[in-house]
Structures are given as C-alpha cells and as structure tokens.
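Next up, target_11.csv (CSV, C-alpha atoms):
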```csv
chain,number,residue,atom,x,y,z
A,1,MET,CA,56.0,-33.8,60.6
A,2,LYS,CA,52.2,-33.9,60.7
A,3,ILE,CA,50.4,-36.6,62.6
A,4,ALA,CA,49.3,-39.6,60.4
A,5,LEU,CA,45.5,-40.0,60.7
A,6,GLN,CA,45.9,-43.7,59.9
A,7,GLY,CA,47.5,-44.2,63.3
A,8,LEU,CA,44.5,-43.0,65.3
A,9,LEU,CA,41.9,-45.3,66.9
A,10,PRO,CA,38.2,-44.5,66.6
A,11,GLU,CA,38.1,-42.9,70.1
A,12,GLU,CA,41.0,-40.7,69.2
A,13,LEU,CA,39.3,-39.6,66.0
A,14,GLN,CA,36.2,-38.8,68.1
A,15,ALA,CA,38.3,-36.6,70.4
A,16,LEU,CA,39.9,-34.9,67.4
A,17,CYS,CA,36.5,-34.1,65.8
A,18,LYS,CA,35.1,-32.9,69.2
A,19,GLU,CA,38.0,-30.5,69.6
A,20,ALA,CA,37.2,-29.2,66.1
A,21,GLY,CA,33.6,-28.6,67.1
A,22,GLN,CA,32.2,-31.4,65.0
A,23,PRO,CA,29.7,-34.1,66.0
A,24,ALA,CA,30.8,-37.7,66.8
A,25,PHE,CA,29.5,-39.2,63.6
A,26,ARG,CA,32.2,-37.2,61.7
A,27,ALA,CA,34.8,-39.4,63.3
A,28,LYS,CA,33.1,-42.5,62.0
A,29,GLN,CA,33.0,-41.0,58.5
A,30,LEU,CA,36.7,-40.2,58.8
A,31,TRP,CA,37.6,-43.7,60.0
A,32,GLN,CA,35.7,-45.2,57.0
A,33,TRP,CA,37.6,-43.1,54.6
A,34,LEU,CA,40.9,-43.9,56.1
A,35,GLN,CA,40.7,-47.5,57.2
A,36,VAL,CA,38.1,-48.9,54.8
A,37,GLN,CA,38.3,-46.9,51.6
A,38,GLY,CA,42.0,-46.2,51.9
A,39,ALA,CA,41.7,-42.5,51.1
A,40,THR,CA,44.9,-40.5,51.1
A,41,ARG,CA,43.6,-37.1,49.9
A,42,TRP,CA,41.3,-34.7,51.5
A,43,ASP,CA,39.3,-34.2,48.3
A,44,GLN,CA,38.4,-37.9,48.3
A,45,MET,CA,36.4,-37.4,51.6
A,46,GLY,CA,33.4,-36.0,50.0
A,47,ASN,CA,31.0,-36.1,52.9
A,48,LEU,CA,33.3,-34.3,55.4
A,49,PRO,CA,32.8,-30.5,55.8
A,50,ARG,CA,35.4,-28.2,54.4
A,51,ALA,CA,35.9,-26.6,57.8
A,52,LEU,CA,36.8,-29.9,59.4
A,53,LYS,CA,39.2,-30.9,56.7
A,54,ASP,CA,40.9,-27.4,56.8
A,55,THR,CA,41.3,-27.6,60.6
A,56,LEU,CA,42.7,-31.2,60.5
A,57,ALA,CA,45.1,-30.4,57.7
A,58,GLU,CA,47.0,-27.9,59.9
A,59,THR,CA,48.3,-30.7,62.1
A,60,HIS,CA,47.4,-34.0,60.5
A,61,THR,CA,47.9,-35.8,57.2
A,62,PRO,CA,45.9,-38.6,55.4
A,63,GLU,CA,49.0,-39.4,53.3
A,64,PRO,CA,51.9,-40.2,55.7
A,65,ALA,CA,53.6,-42.5,53.1
A,66,LYS,CA,53.8,-42.7,49.3
A,67,ILE,CA,55.4,-45.0,46.8
A,68,ARG,CA,58.7,-43.7,45.3
A,69,LYS,CA,59.9,-46.8,43.5
A,70,GLU,CA,58.7,-50.3,42.8
A,71,SER,CA,60.7,-53.5,42.0
A,72,GLY,CA,59.2,-56.8,40.8
A,73,GLU,CA,56.2,-57.4,38.6
A,74,PRO,CA,52.4,-58.1,39.0
A,75,GLY,CA,51.8,-61.7,40.0
A,76,GLY,CA,55.2,-62.1,41.7
A,77,THR,CA,56.9,-60.6,44.8
A,78,ARG,CA,56.8,-56.8,44.7
A,79,LYS,CA,58.9,-54.5,46.8
A,80,TRP,CA,58.2,-50.8,47.2
A,81,LEU,CA,60.5,-48.0,48.3
A,82,VAL,CA,58.1,-45.9,50.4
A,83,GLY,CA,58.7,-42.2,51.1
A,84,LEU,CA,57.7,-40.6,54.3
A,85,ASP,CA,56.8,-37.0,55.2
A,86,ASP,CA,60.3,-36.1,56.5
A,87,GLY,CA,62.1,-37.3,53.4
A,88,GLU,CA,63.1,-40.6,54.9
A,89,SER,CA,62.3,-43.9,53.1
A,90,ILE,CA,61.4,-47.5,54.1
A,91,GLU,CA,60.6,-50.7,52.4
A,92,THR,CA,57.3,-52.6,52.1
A,93,VAL,CA,57.0,-56.0,50.3
A,94,LEU,CA,54.0,-58.0,48.9
A,95,ILE,CA,54.6,-61.7,48.9
A,96,PRO,CA,51.9,-63.6,46.9
A,97,ALA,CA,51.0,-67.3,47.2
A,98,ARG,CA,48.3,-69.4,45.6
A,99,ASP,CA,45.8,-68.8,48.4
A,100,ARG,CA,46.9,-65.6,50.2
A,101,ASN,CA,48.8,-62.3,49.9
A,102,THR,CA,51.2,-61.3,52.6
A,103,VAL,CA,52.4,-57.8,53.3
A,104,CYS,CA,55.8,-57.4,55.0
A,105,VAL,CA,56.0,-54.0,56.8
A,106,SER,CA,58.9,-52.0,58.2
A,107,THR,CA,58.7,-50.6,61.8
A,108,GLN,CA,61.8,-48.3,61.8
A,109,VAL,CA,63.9,-46.2,59.4
A,110,GLY,CA,67.0,-48.3,59.5
A,111,CYS,CA,67.8,-50.6,62.4
A,112,LYS,CA,70.0,-50.7,65.5
A,113,MET,CA,70.5,-54.4,65.7
A,114,GLY,CA,73.4,-54.8,63.3
A,115,CYS,CA,72.9,-58.4,62.2
A,116,ALA,CA,75.8,-59.5,60.0
A,117,PHE,CA,73.8,-60.6,57.0
A,118,CYS,CA,71.1,-57.9,57.0
A,119,ALA,CA,71.2,-54.7,54.9
A,120,SER,CA,68.8,-52.7,57.0
A,121,ALA,CA,71.4,-51.4,59.5
A,122,LYS,CA,74.1,-50.6,56.9
A,123,CYS,CA,72.8,-47.0,56.4
A,124,GLY,CA,72.3,-46.6,60.1
A,125,TYR,CA,69.2,-46.0,62.2
A,126,ALA,CA,67.2,-42.8,61.8
A,127,ARG,CA,64.0,-43.1,63.8
A,128,ASN,CA,61.0,-45.2,64.8
A,129,LEU,CA,57.9,-45.2,62.6
A,130,ALA,CA,54.6,-43.9,64.0
A,131,ALA,CA,51.7,-46.3,64.1
A,132,GLY,CA,50.1,-44.5,61.2
A,133,GLU,CA,53.2,-44.9,59.0
A,134,ILE,CA,53.0,-48.7,59.7
A,135,VAL,CA,49.3,-48.9,58.9
A,136,ALA,CA,49.8,-46.8,55.8
A,137,GLN,CA,52.1,-49.4,54.3
A,138,VAL,CA,49.3,-52.0,54.5
A,139,GLN,CA,46.9,-49.5,53.0
A,140,LEU,CA,49.2,-48.8,50.1
A,141,VAL,CA,49.5,-52.5,49.3
A,142,ALA,CA,45.7,-52.9,49.6
A,143,VAL,CA,45.2,-50.2,47.0
A,144,ALA,CA,47.8,-51.9,44.7
A,145,LEU,CA,46.1,-55.3,45.1
A,146,GLY,CA,42.6,-53.9,44.9
A,147,LYS,CA,41.6,-55.8,48.0
A,148,ARG,CA,42.6,-56.4,51.6
A,149,PRO,CA,45.8,-58.4,52.0
A,150,ASP,CA,45.4,-61.7,53.9
A,151,ASN,CA,48.4,-61.6,56.2
A,152,VAL,CA,50.7,-59.0,57.7
A,153,VAL,CA,54.2,-59.8,58.9
A,154,TYR,CA,56.3,-57.3,60.8
A,155,MET,CA,59.6,-58.5,59.2
A,156,GLY,CA,60.8,-55.5,57.2
A,157,MET,CA,63.3,-52.9,58.2
A,158,GLY,CA,63.7,-52.4,61.9
A,159,GLU,CA,63.2,-54.3,65.2
A,160,PRO,CA,59.5,-54.2,66.1
A,161,PHE,CA,60.1,-54.6,69.8
A,162,ASP,CA,62.4,-51.6,69.7
A,163,ASN,CA,59.3,-49.6,68.7
A,164,TYR,CA,56.8,-51.6,70.8
A,165,ASP,CA,54.0,-49.1,71.5
A,166,ALA,CA,53.6,-47.9,67.9
A,167,VAL,CA,53.8,-51.5,66.7
A,168,LEU,CA,51.1,-52.7,69.0
A,169,LYS,CA,48.9,-49.8,68.3
A,170,SER,CA,49.2,-50.5,64.5
A,171,VAL,CA,48.3,-54.1,65.2
A,172,ARG,CA,45.1,-53.1,67.0
A,173,ILE,CA,44.2,-50.7,64.1
A,174,LEU,CA,44.7,-53.4,61.4
A,175,ASN,CA,42.8,-55.9,63.6
A,176,HIS,CA,39.9,-53.6,64.3
A,177,PRO,CA,36.6,-55.2,63.2
A,178,ASP,CA,35.4,-51.9,61.6
A,179,GLY,CA,38.6,-51.4,59.6
A,180,LEU,CA,40.7,-53.8,57.5
A,181,ASN,CA,39.8,-56.5,60.1
A,182,ILE,CA,42.9,-58.6,59.6
A,183,GLY,CA,42.7,-61.5,62.0
A,184,ALA,CA,45.2,-61.4,64.9
A,185,ARG,CA,46.4,-64.9,63.9
A,186,ARG,CA,47.2,-63.6,60.5
A,187,ILE,CA,49.5,-61.0,61.9
A,188,THR,CA,53.1,-62.0,62.8
A,189,LEU,CA,55.5,-59.9,65.0
A,190,SER,CA,59.1,-60.7,64.5
A,191,THR,CA,61.9,-59.9,67.0
A,192,SER,CA,65.7,-60.5,67.0
A,193,GLY,CA,65.3,-61.4,70.6
A,194,VAL,CA,64.3,-58.4,72.6
A,195,ILE,CA,63.2,-60.1,75.9
A,196,PRO,CA,61.2,-57.3,77.4
A,197,GLY,CA,59.1,-57.1,74.3
A,198,ILE,CA,58.4,-60.8,74.4
A,199,ARG,CA,57.4,-60.5,78.0
A,200,ARG,CA,55.1,-57.6,77.3
A,201,LEU,CA,53.4,-59.3,74.4
A,202,ALA,CA,52.6,-62.3,76.5
A,203,GLY,CA,50.4,-60.1,78.6
A,204,GLU,CA,48.6,-58.2,75.8
A,205,GLY,CA,45.8,-60.8,75.4
A,206,ILE,CA,46.0,-60.6,71.5
A,207,GLN,CA,46.6,-63.8,69.6
A,208,VAL,CA,49.2,-62.6,67.1
A,209,GLU,CA,51.9,-64.9,65.9
A,210,LEU,CA,55.4,-64.5,67.3
A,211,SER,CA,58.6,-65.1,65.4
A,212,VAL,CA,62.0,-65.0,67.0
A,213,SER,CA,65.3,-64.7,64.9
A,214,LEU,CA,67.8,-67.2,66.1
A,215,HIS,CA,70.1,-68.0,63.2
A,216,ALA,CA,72.6,-70.0,65.2
A,217,PRO,CA,72.5,-73.2,67.3
A,218,ASN,CA,74.6,-71.8,70.2
A,219,PRO,CA,75.5,-68.5,71.8
A,220,GLU,CA,79.0,-68.3,70.5
A,221,LEU,CA,78.1,-68.4,66.9
A,222,ARG,CA,75.0,-66.3,67.4
A,223,ARG,CA,77.1,-63.6,69.0
A,224,LYS,CA,79.2,-63.4,65.7
A,225,LEU,CA,76.0,-63.1,63.6
A,226,MET,CA,73.8,-61.1,65.9
A,227,PRO,CA,75.2,-58.5,68.3
A,228,ILE,CA,72.0,-58.6,70.3
A,229,GLU,CA,73.3,-61.8,71.9
A,230,ASN,CA,75.5,-59.6,74.1
A,231,LYS,CA,72.5,-57.9,75.6
A,232,TYR,CA,69.9,-60.8,75.6
A,233,PRO,CA,71.8,-64.1,75.7
A,234,MET,CA,70.3,-67.1,74.0
A,235,ASP,CA,69.8,-69.1,77.2
A,236,ASP,CA,67.8,-66.3,78.7
A,237,LEU,CA,65.9,-65.8,75.5
A,238,LEU,CA,64.9,-69.4,75.2
A,239,ARG,CA,63.7,-69.4,78.8
A,240,GLU,CA,61.5,-66.4,78.0
A,241,CYS,CA,60.2,-68.1,74.9
A,242,ALA,CA,59.3,-71.2,77.0
A,243,ASP,CA,57.4,-68.9,79.5
A,244,TYR,CA,55.7,-67.1,76.6
A,245,THR,CA,54.5,-70.4,75.1
A,246,ALA,CA,53.3,-71.7,78.5
A,247,LYS,CA,51.4,-68.4,79.2
A,248,THR,CA,49.8,-67.9,75.8
A,249,LYS,CA,49.4,-71.5,74.7
A,250,ARG,CA,50.8,-70.3,71.3
A,251,HIS,CA,53.8,-71.8,69.5
A,252,ILE,CA,56.8,-69.6,68.6
A,253,THR,CA,58.4,-69.8,65.2
A,254,PHE,CA,62.2,-69.5,65.2
A,255,GLU,CA,63.7,-67.9,62.1
A,256,TYR,CA,67.0,-69.5,61.0
A,257,THR,CA,68.9,-68.2,58.0
A,258,LEU,CA,71.1,-71.0,56.5
A,259,ILE,CA,74.6,-69.9,55.6
A,260,GLN,CA,76.9,-72.3,53.7
A,261,GLY,CA,79.7,-73.5,55.9
A,262,VAL,CA,78.6,-71.4,58.9
A,263,ASN,CA,75.5,-72.8,60.5
A,264,ASP,CA,74.2,-75.5,58.1
A,265,SER,CA,75.9,-78.7,59.3
A,266,LEU,CA,74.1,-81.8,60.7
A,267,ARG,CA,75.9,-81.1,64.0
A,268,ASP,CA,74.4,-77.6,64.0
A,269,ALA,CA,70.9,-79.1,63.4
A,270,GLU,CA,71.3,-81.5,66.2
A,271,GLU,CA,72.5,-78.8,68.6
A,272,LEU,CA,69.6,-76.5,67.6
A,273,ALA,CA,67.1,-79.3,68.1
A,274,GLY,CA,68.5,-80.1,71.5
A,275,ARG,CA,67.9,-76.5,72.6
A,276,LEU,CA,64.4,-76.2,71.2
A,277,ARG,CA,62.6,-79.5,71.7
A,278,ARG,CA,61.9,-78.7,75.4
A,279,PHE,CA,58.9,-76.6,74.4
A,280,PRO,CA,56.5,-76.6,71.5
A,281,CYS,CA,57.8,-74.5,68.6
A,282,ARG,CA,58.7,-74.6,64.9
A,283,VAL,CA,61.7,-73.6,62.9
A,284,ASN,CA,61.5,-71.6,59.6
A,285,LEU,CA,64.7,-72.3,57.6
A,286,ILE,CA,65.6,-69.5,55.2
A,287,PRO,CA,68.3,-69.6,52.5
A,288,LEU,CA,70.6,-66.7,52.8
A,289,SER,CA,69.8,-63.7,50.6
A,290,PRO,CA,72.9,-62.1,49.1
A,291,VAL,CA,74.1,-58.9,50.8
A,292,ASP,CA,77.1,-57.0,49.4
A,293,GLU,CA,78.8,-56.5,52.8
A,294,PHE,CA,78.4,-60.1,54.0
A,295,LYS,CA,80.6,-62.8,52.3
A,296,GLY,CA,78.4,-65.8,52.4
A,297,ASP,CA,76.2,-68.0,50.3
A,298,ALA,CA,73.1,-70.1,50.7
A,299,PRO,CA,73.7,-73.9,51.1
A,300,SER,CA,72.7,-76.3,48.4
A,301,ARG,CA,69.2,-77.6,48.4
A,302,GLU,CA,70.5,-81.0,49.4
A,303,THR,CA,72.2,-79.6,52.5
A,304,MET,CA,69.1,-77.6,53.5
A,305,ASP,CA,66.9,-80.7,53.1
A,306,ALA,CA,69.3,-82.7,55.3
A,307,PHE,CA,69.2,-80.0,57.9
A,308,LEU,CA,65.4,-80.0,58.0
A,309,ARG,CA,65.3,-83.8,58.2
A,310,ALA,CA,67.8,-83.7,61.1
A,311,LEU,CA,65.5,-81.3,63.0
A,312,GLU,CA,62.4,-83.4,62.4
A,313,LYS,CA,64.1,-86.6,63.4
A,314,ARG,CA,64.8,-85.0,66.8
A,315,GLY,CA,61.2,-83.9,67.3
A,316,VAL,CA,61.4,-80.3,66.1
A,317,GLU,CA,58.9,-79.2,63.5
A,318,GLY,CA,60.4,-77.2,60.6
A,319,THR,CA,59.8,-75.8,57.2
A,320,LEU,CA,62.2,-74.8,54.4
A,321,ARG,CA,61.0,-71.5,53.0
A,322,GLU,CA,61.4,-71.1,49.2
A,323,SER,CA,63.6,-68.1,48.4
A,324,LYS,CA,61.5,-65.4,46.7
A,325,GLY,CA,62.3,-62.0,45.4
A,326,LYS,CA,66.0,-62.2,44.5
A,327,GLY,CA,65.3,-59.9,41.6
A,328,VAL,CA,63.7,-57.2,43.8
A,329,ASP,CA,66.6,-56.6,46.2
A,330,ALA,CA,65.3,-59.4,48.4
A,331,ALA,CA,67.3,-58.7,51.6
A,332,CYS,CA,65.7,-56.1,54.0
A,333,GLY,CA,67.1,-52.6,53.4
A,334,GLN,CA,68.8,-53.2,50.0
A,335,LEU,CA,66.3,-51.2,47.9
A,336,ARG,CA,66.5,-48.3,50.3
A,337,ARG,CA,70.3,-48.5,50.5
A,338,ARG,CA,70.7,-48.5,46.7
A,339,SER,CA,68.4,-45.5,46.4
A,340,GLN,CA,70.8,-43.6,48.7
A,341,ALA,CA,73.9,-44.6,46.8
```

Please rewrite the model in this file as structure tokens.
Amino acid sequence: MKIALQGLLPEELQALCKEAGQPAFRAKQLWQWLQVQGATRWDQMGNLPRALKDTLAETHTPEPAKIRKESGEPGGTRKWLVGLDDGESIETVLIPARDRNTVCVSTQVGCKMGCAFCASAKCGYARNLAAGEIVAQVQLVAVALGKRPDNVVYMGMGEPFDNYDAVLKSVRILNHPDGLNIGARRITLSTSGVIPGIRRLAGEGIQVELSVSLHAPNPELRRKLMPIENKYPMDDLLRECADYTAKTKRHITFEYTLIQGVNDSLRDAEELAGRLRRFPCRVNLIPLSPVDEFKGDAPSRETMDAFLRALEKRGVEGTLRESKGKGVDAACGQLRRRSQA
C-alpha cells in the first residue's frame, strides 16, 4: 500500500518535499490541496511541478479512500461503503441535524471487541487504519456536502484506542488551524473501555470529547454484552473515568444501548445511576439497532422515557438519542458485511 498523503502533518510534508529536492513552499501548496481543497488526484494540483508529483506518486497517494456504495438520500442520514487501496472496505456516515452535520468515521477494518449487538466484528478484524485513511473519510464527506462538516465522531467500525497513535494523529490533522480546522470540542473519541487509552488521552492536552460505551449497569451483565469487561472490569474503568474527569475538567459521556428485557428496567436505571453519580458525567441512551445475529429489540418509547427519568431523578444527566438511519444499515458494520455476502 502507498502512504496516504492526508495523514501527513505540515512538517512531514516539508521533509518529504526536501527529500525530493523541492523548496519548503511546495509543502504548503501540497497541504492546501489535500487538507483545504480536498484534492484526490495529481492532475488537480496545478501549481505543483510534474517532477515532484511523479516522485511522490511512487510511494504516496492522494486518494487512499473512495466511495464504493451509498445508502440513504440527500437531506437525511447517509452511509458510505468506502474502499481502501488494499481492497478492504470500511463505513463512513453523515448524520445531519438542523444546525450541524456530523461525520462518523471508522478507525479499523473490522473490530476485535466482539460486542454482542454490533455487526462490526462479525466479519472479523483485518487491520488498523492509517491516519490518512481516517482523515480521508472526513474529506470525502466534505466533498459530498460541499462544505466542512461541523462535528466528527470516532464511532464507526473499530475501537479507536486499539489504534491510538493513528487516531490521535488524525485528530491533530483535522483540528489543524490551516486545514479543516474542526474544533477539538467538536471531535468525539469513543471507546469500549480501553483503560490505557483513556489514561493516555488525559495527558494529551487536547480538549476532545470522550465517550465510553457501558451498555450495562453492572459487571455481570456487561460481561455478557461486552467481552472487554474480562480485560478491563467496570469498577476499574469507572475509577479511570473519574480520574480522567478530575484531571481534564471535562465530562465523559457514557453510551448505553437500551435492549428490551435485558438492561432497560427501572432497577437497571437505579443501579446505573448509583455507579455514575459520584463524578460529573452524562448518559446517552440509544435504542438498539437491529442486527441479524443478535436476538433483541429496542424497548418501547414509554420504557425508554421512564429509564431516562429514573436517571435524572437520581442526579445523572441523560439524553435519549433519536434512532436514525434504520434504512441505511444503521448498525456499525452492516453495510460492509452485506457487501461481502
């Protein structure tokens, strides 16, 4: 595979141009084409000399990702099956709202975590994405939108903290003031509970949002839904989250997928609140998206509203996310999986 140019910081582009015998200003031109103009072809970069483009083309590519298939429709949630240089594919989603557009990006081809209700791991794990392949997803959506997206969430296929270095590098590129300049507080990193990643992020000095998937009110049930509980137990995870909040002064959002008859009772809500109210946080309640291999349903709206009220009554802030995208293979990994069938 060739190296994705979108994954190189300005100083790395300078070193690349210097090695090719070109002046430093060529790196600035290259950065502008890639990160501001969203160029994906060498012939779009009109002010770069042919010699430089020919040299770079031997080892680097301006098009590490391309759209293979699209689901959804303009104005609504849209999901893309994105092809990579080695023939693998991932998913990228655009979620529009009245005042913002959010891009959901993947960080791995497949996933190792094996959560019971997620389709991402059903076809197995292939590899980590490079930083440029992550940035390229946002660039593809920006081209489709005709403008820079407002928010980026790392909640697509894969576990971001299982690919920590590439993920953080992509964040710094997307956040760069001379590039797309997406504010750090408009970027959310999600983890299924990889404690070393949370600890590392606390020391990065970047004000991104952190989202932690919990999905259960106690370790016993979480172990059935999320195998990661065996490696990073809930009690240890919550202690790390409390330390993160104390160190960064930033609230964590806990993701909680509501499954009818499994984790949606008032007793579950009370137990969850009891574990979380010791430090500032919020809970994002998500109705289950259907997955063929997981026999479960979303609760009724009445049940979900009652769960939310029970949390708030016990001092834990919560929101109930509206389910979007059921017509576009909503659950992570489904579009990719069906393309492989």

For segment 134-149 of chain A, please output as a ChimeraX atom specification all residues within 10 Å (counting all atoms listed in the file; exclusion window: fewer than 5 positions along the same chain).
/A:4-8,34-40,62-67,74-75,78-80,82,90-96,100-108,129,154,166-167,169-171,173-174,180-182

Go ahead and fit an axis-aligned box to every listed atom of segment 203-217 of chain A plus 6 Å each side, and pass me the centre and edge lengths in Å, one decimal, as AutoDock Vina command-line options.
```
--center_x 59.2 --center_y -65.7 --center_z 70.9 --size_x 38.8 --size_y 27.0 --size_z 27.4
```

Which polymer residues have any atom within 8 Å of an atom of Tyr125 of chain A, counting all atoms listed in the file, with same-chain residues fewer than 2 positions away left out, as a list in words?
Gln108, Val109, Gly110, Cys111, Lys112, Ala121, Cys123 and Arg127 of chain A

Quick one: pull the distance between atom CA of Asp165 of chain A and atom CA of Ala27 of chain A, Å, one decimal.
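Calculated distance between atom CA of Asp165 of chain A and atom CA of Ala27 of chain A is 23.0 Å.
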
Just the number, please: distance in Å from atom CA of Glu240 of chain A to atom CA of Ile195 of chain A, one decimal.
6.9 Å

Using only C-alpha atoms, can you tell me which of A:Pro10, A:Gly318, A:Pro287, A:Gly156 comes closest to Arg301 of chain A?
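Checking each candidate against Arg301 of chain A, we get A:Pro287 as the closest.
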
So how many Å separate atom CA of Thr188 of chain A and atom CA of Leu210 of chain A, to one decimal?
5.6 Å

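Between Arg41 of chain A and the residues A:Ala184, A:Ala57, A:Leu84, A:Ala242, the shortest atom-to-atom distance, using only C-alpha atoms, involves A:Ala57.
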
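Among the candidates A:Asp243, A:Arg200, A:Leu266, A:Gly193, the residue lying nearest to Lys231 of chain A is A:Gly193 (atoms considered: only C-alpha atoms).
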
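Counting all atoms listed in the file and comparing A:Phe117, A:Trp42, A:Phe307, A:Trp31, the residue that lies closest to Asp268 of chain A is A:Phe307.
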
So that I can check the surroundings of segment 247-264 of chain A, please list as a PyMOL selection string every protein, DNA and RNA residue that reaches within 9 Å of it, counting only C-alpha atoms and ignoring chain neighbours fewer than 3 positions away.
chain A and resi 190+202-203+205+207-217+221+241-244+267-269+279-289+296-300+303-304+307+318

A:Gly72, A:Gly83, A:Gly274, A:Pro227 ranked by distance to Gly114 of chain A, top pick (using all atoms listed in the file):
A:Pro227

Could N, CA and C atoms be built for segment 263-293 of chain A and written out as an mmCIF file, in the frame of the given file?
```cif
data_model
loop_
_atom_site.group_PDB
_atom_site.id
_atom_site.type_symbol
_atom_site.label_atom_id
_atom_site.label_comp_id
_atom_site.auth_asym_id
_atom_site.auth_seq_id
_atom_site.Cartn_x
_atom_site.Cartn_y
_atom_site.Cartn_z
ATOM 1 N N ASN A 263 76.462 -72.314 59.547
ATOM 2 C CA ASN A 263 75.500 -72.800 60.500
ATOM 3 C C ASN A 263 74.583 -73.908 59.906
ATOM 4 N N ASP A 264 75.096 -74.613 58.877
ATOM 5 C CA ASP A 264 74.200 -75.500 58.100
ATOM 6 C C ASP A 264 74.593 -76.986 58.221
ATOM 7 N N SER A 265 75.447 -77.335 59.175
ATOM 8 C CA SER A 265 75.900 -78.700 59.300
ATOM 9 C C SER A 265 74.866 -79.564 60.060
ATOM 10 N N LEU A 266 74.982 -80.871 59.946
ATOM 11 C CA LEU A 266 74.100 -81.800 60.700
ATOM 12 C C LEU A 266 74.348 -81.592 62.206
ATOM 13 N N ARG A 267 75.590 -81.338 62.597
ATOM 14 C CA ARG A 267 75.900 -81.100 64.000
ATOM 15 C C ARG A 267 75.150 -79.833 64.485
ATOM 16 N N ASP A 268 75.106 -78.790 63.624
ATOM 17 C CA ASP A 268 74.400 -77.600 64.000
ATOM 18 C C ASP A 268 72.876 -77.893 64.156
ATOM 19 N N ALA A 269 72.344 -78.704 63.265
ATOM 20 C CA ALA A 269 70.900 -79.100 63.400
ATOM 21 C C ALA A 269 70.647 -79.830 64.647
ATOM 22 N N GLU A 270 71.522 -80.755 64.992
ATOM 23 C CA GLU A 270 71.300 -81.500 66.200
ATOM 24 C C GLU A 270 71.412 -80.650 67.455
ATOM 25 N N GLU A 271 72.367 -79.702 67.470
ATOM 26 C CA GLU A 271 72.500 -78.800 68.600
ATOM 27 C C GLU A 271 71.279 -77.893 68.737
ATOM 28 N N LEU A 272 70.815 -77.396 67.591
ATOM 29 C CA LEU A 272 69.600 -76.500 67.600
ATOM 30 C C LEU A 272 68.417 -77.284 68.115
ATOM 31 N N ALA A 273 68.214 -78.498 67.634
ATOM 32 C CA ALA A 273 67.100 -79.300 68.100
ATOM 33 C C ALA A 273 67.156 -79.569 69.588
ATOM 34 N N GLY A 274 68.371 -79.794 70.078
ATOM 35 C CA GLY A 274 68.500 -80.100 71.500
ATOM 36 C C GLY A 274 68.115 -78.890 72.372
ATOM 37 N N ARG A 275 68.289 -77.679 71.857
ATOM 38 C CA ARG A 275 67.900 -76.500 72.600
ATOM 39 C C ARG A 275 66.418 -76.184 72.525
ATOM 40 N N LEU A 276 65.792 -76.576 71.415
ATOM 41 C CA LEU A 276 64.400 -76.200 71.200
ATOM 42 C C LEU A 276 63.350 -77.181 71.517
ATOM 43 N N ARG A 277 63.703 -78.443 71.607
ATOM 44 C CA ARG A 277 62.600 -79.500 71.700
ATOM 45 C C ARG A 277 62.034 -79.528 73.133
ATOM 46 N N ARG A 278 62.498 -78.675 74.050
ATOM 47 C CA ARG A 278 61.900 -78.700 75.400
ATOM 48 C C ARG A 278 60.584 -78.003 75.488
ATOM 49 N N PHE A 279 60.208 -77.237 74.461
ATOM 50 C CA PHE A 279 58.900 -76.600 74.400
ATOM 51 C C PHE A 279 58.362 -76.594 73.005
ATOM 52 N N PRO A 280 57.035 -76.552 72.820
ATOM 53 C CA PRO A 280 56.500 -76.600 71.500
ATOM 54 C C PRO A 280 56.879 -75.362 70.645
ATOM 55 N N CYS A 281 57.413 -75.603 69.451
ATOM 56 C CA CYS A 281 57.800 -74.500 68.600
ATOM 57 C C CYS A 281 58.028 -75.075 67.178
ATOM 58 N N ARG A 282 58.354 -74.207 66.267
ATOM 59 C CA ARG A 282 58.700 -74.600 64.900
ATOM 60 C C ARG A 282 59.872 -73.785 64.424
ATOM 61 N N VAL A 283 60.586 -74.289 63.434
ATOM 62 C CA VAL A 283 61.700 -73.600 62.900
ATOM 63 C C VAL A 283 61.481 -73.292 61.405
ATOM 64 N N ASN A 284 61.665 -72.052 61.031
ATOM 65 C CA ASN A 284 61.500 -71.600 59.600
ATOM 66 C C ASN A 284 62.928 -71.459 59.068
ATOM 67 N N LEU A 285 63.332 -72.344 58.198
ATOM 68 C CA LEU A 285 64.700 -72.300 57.600
ATOM 69 C C LEU A 285 64.610 -71.410 56.350
ATOM 70 N N ILE A 286 65.574 -70.486 56.256
ATOM 71 C CA ILE A 286 65.600 -69.500 55.200
ATOM 72 C C ILE A 286 66.924 -69.497 54.480
ATOM 73 N N PRO A 287 66.981 -69.742 53.186
ATOM 74 C CA PRO A 287 68.300 -69.600 52.500
ATOM 75 C C PRO A 287 68.756 -68.175 52.531
ATOM 76 N N LEU A 288 70.037 -67.990 52.730
ATOM 77 C CA LEU A 288 70.600 -66.700 52.800
ATOM 78 C C LEU A 288 70.342 -65.865 51.526
ATOM 79 N N SER A 289 69.870 -64.619 51.680
ATOM 80 C CA SER A 289 69.800 -63.700 50.600
ATOM 81 C C SER A 289 71.078 -62.914 50.462
ATOM 82 N N PRO A 290 71.650 -62.798 49.263
ATOM 83 C CA PRO A 290 72.900 -62.100 49.100
ATOM 84 C C PRO A 290 72.903 -60.675 49.602
ATOM 85 N N VAL A 291 73.931 -60.273 50.345
ATOM 86 C CA VAL A 291 74.100 -58.900 50.800
ATOM 87 C C VAL A 291 75.573 -58.534 50.480
ATOM 88 N N ASP A 292 75.784 -57.377 49.865
ATOM 89 C CA ASP A 292 77.100 -57.000 49.400
ATOM 90 C C ASP A 292 78.173 -57.075 50.503
ATOM 91 N N GLU A 293 77.802 -56.636 51.707
ATOM 92 C CA GLU A 293 78.800 -56.500 52.800
ATOM 93 C C GLU A 293 79.033 -57.812 53.542
#
```
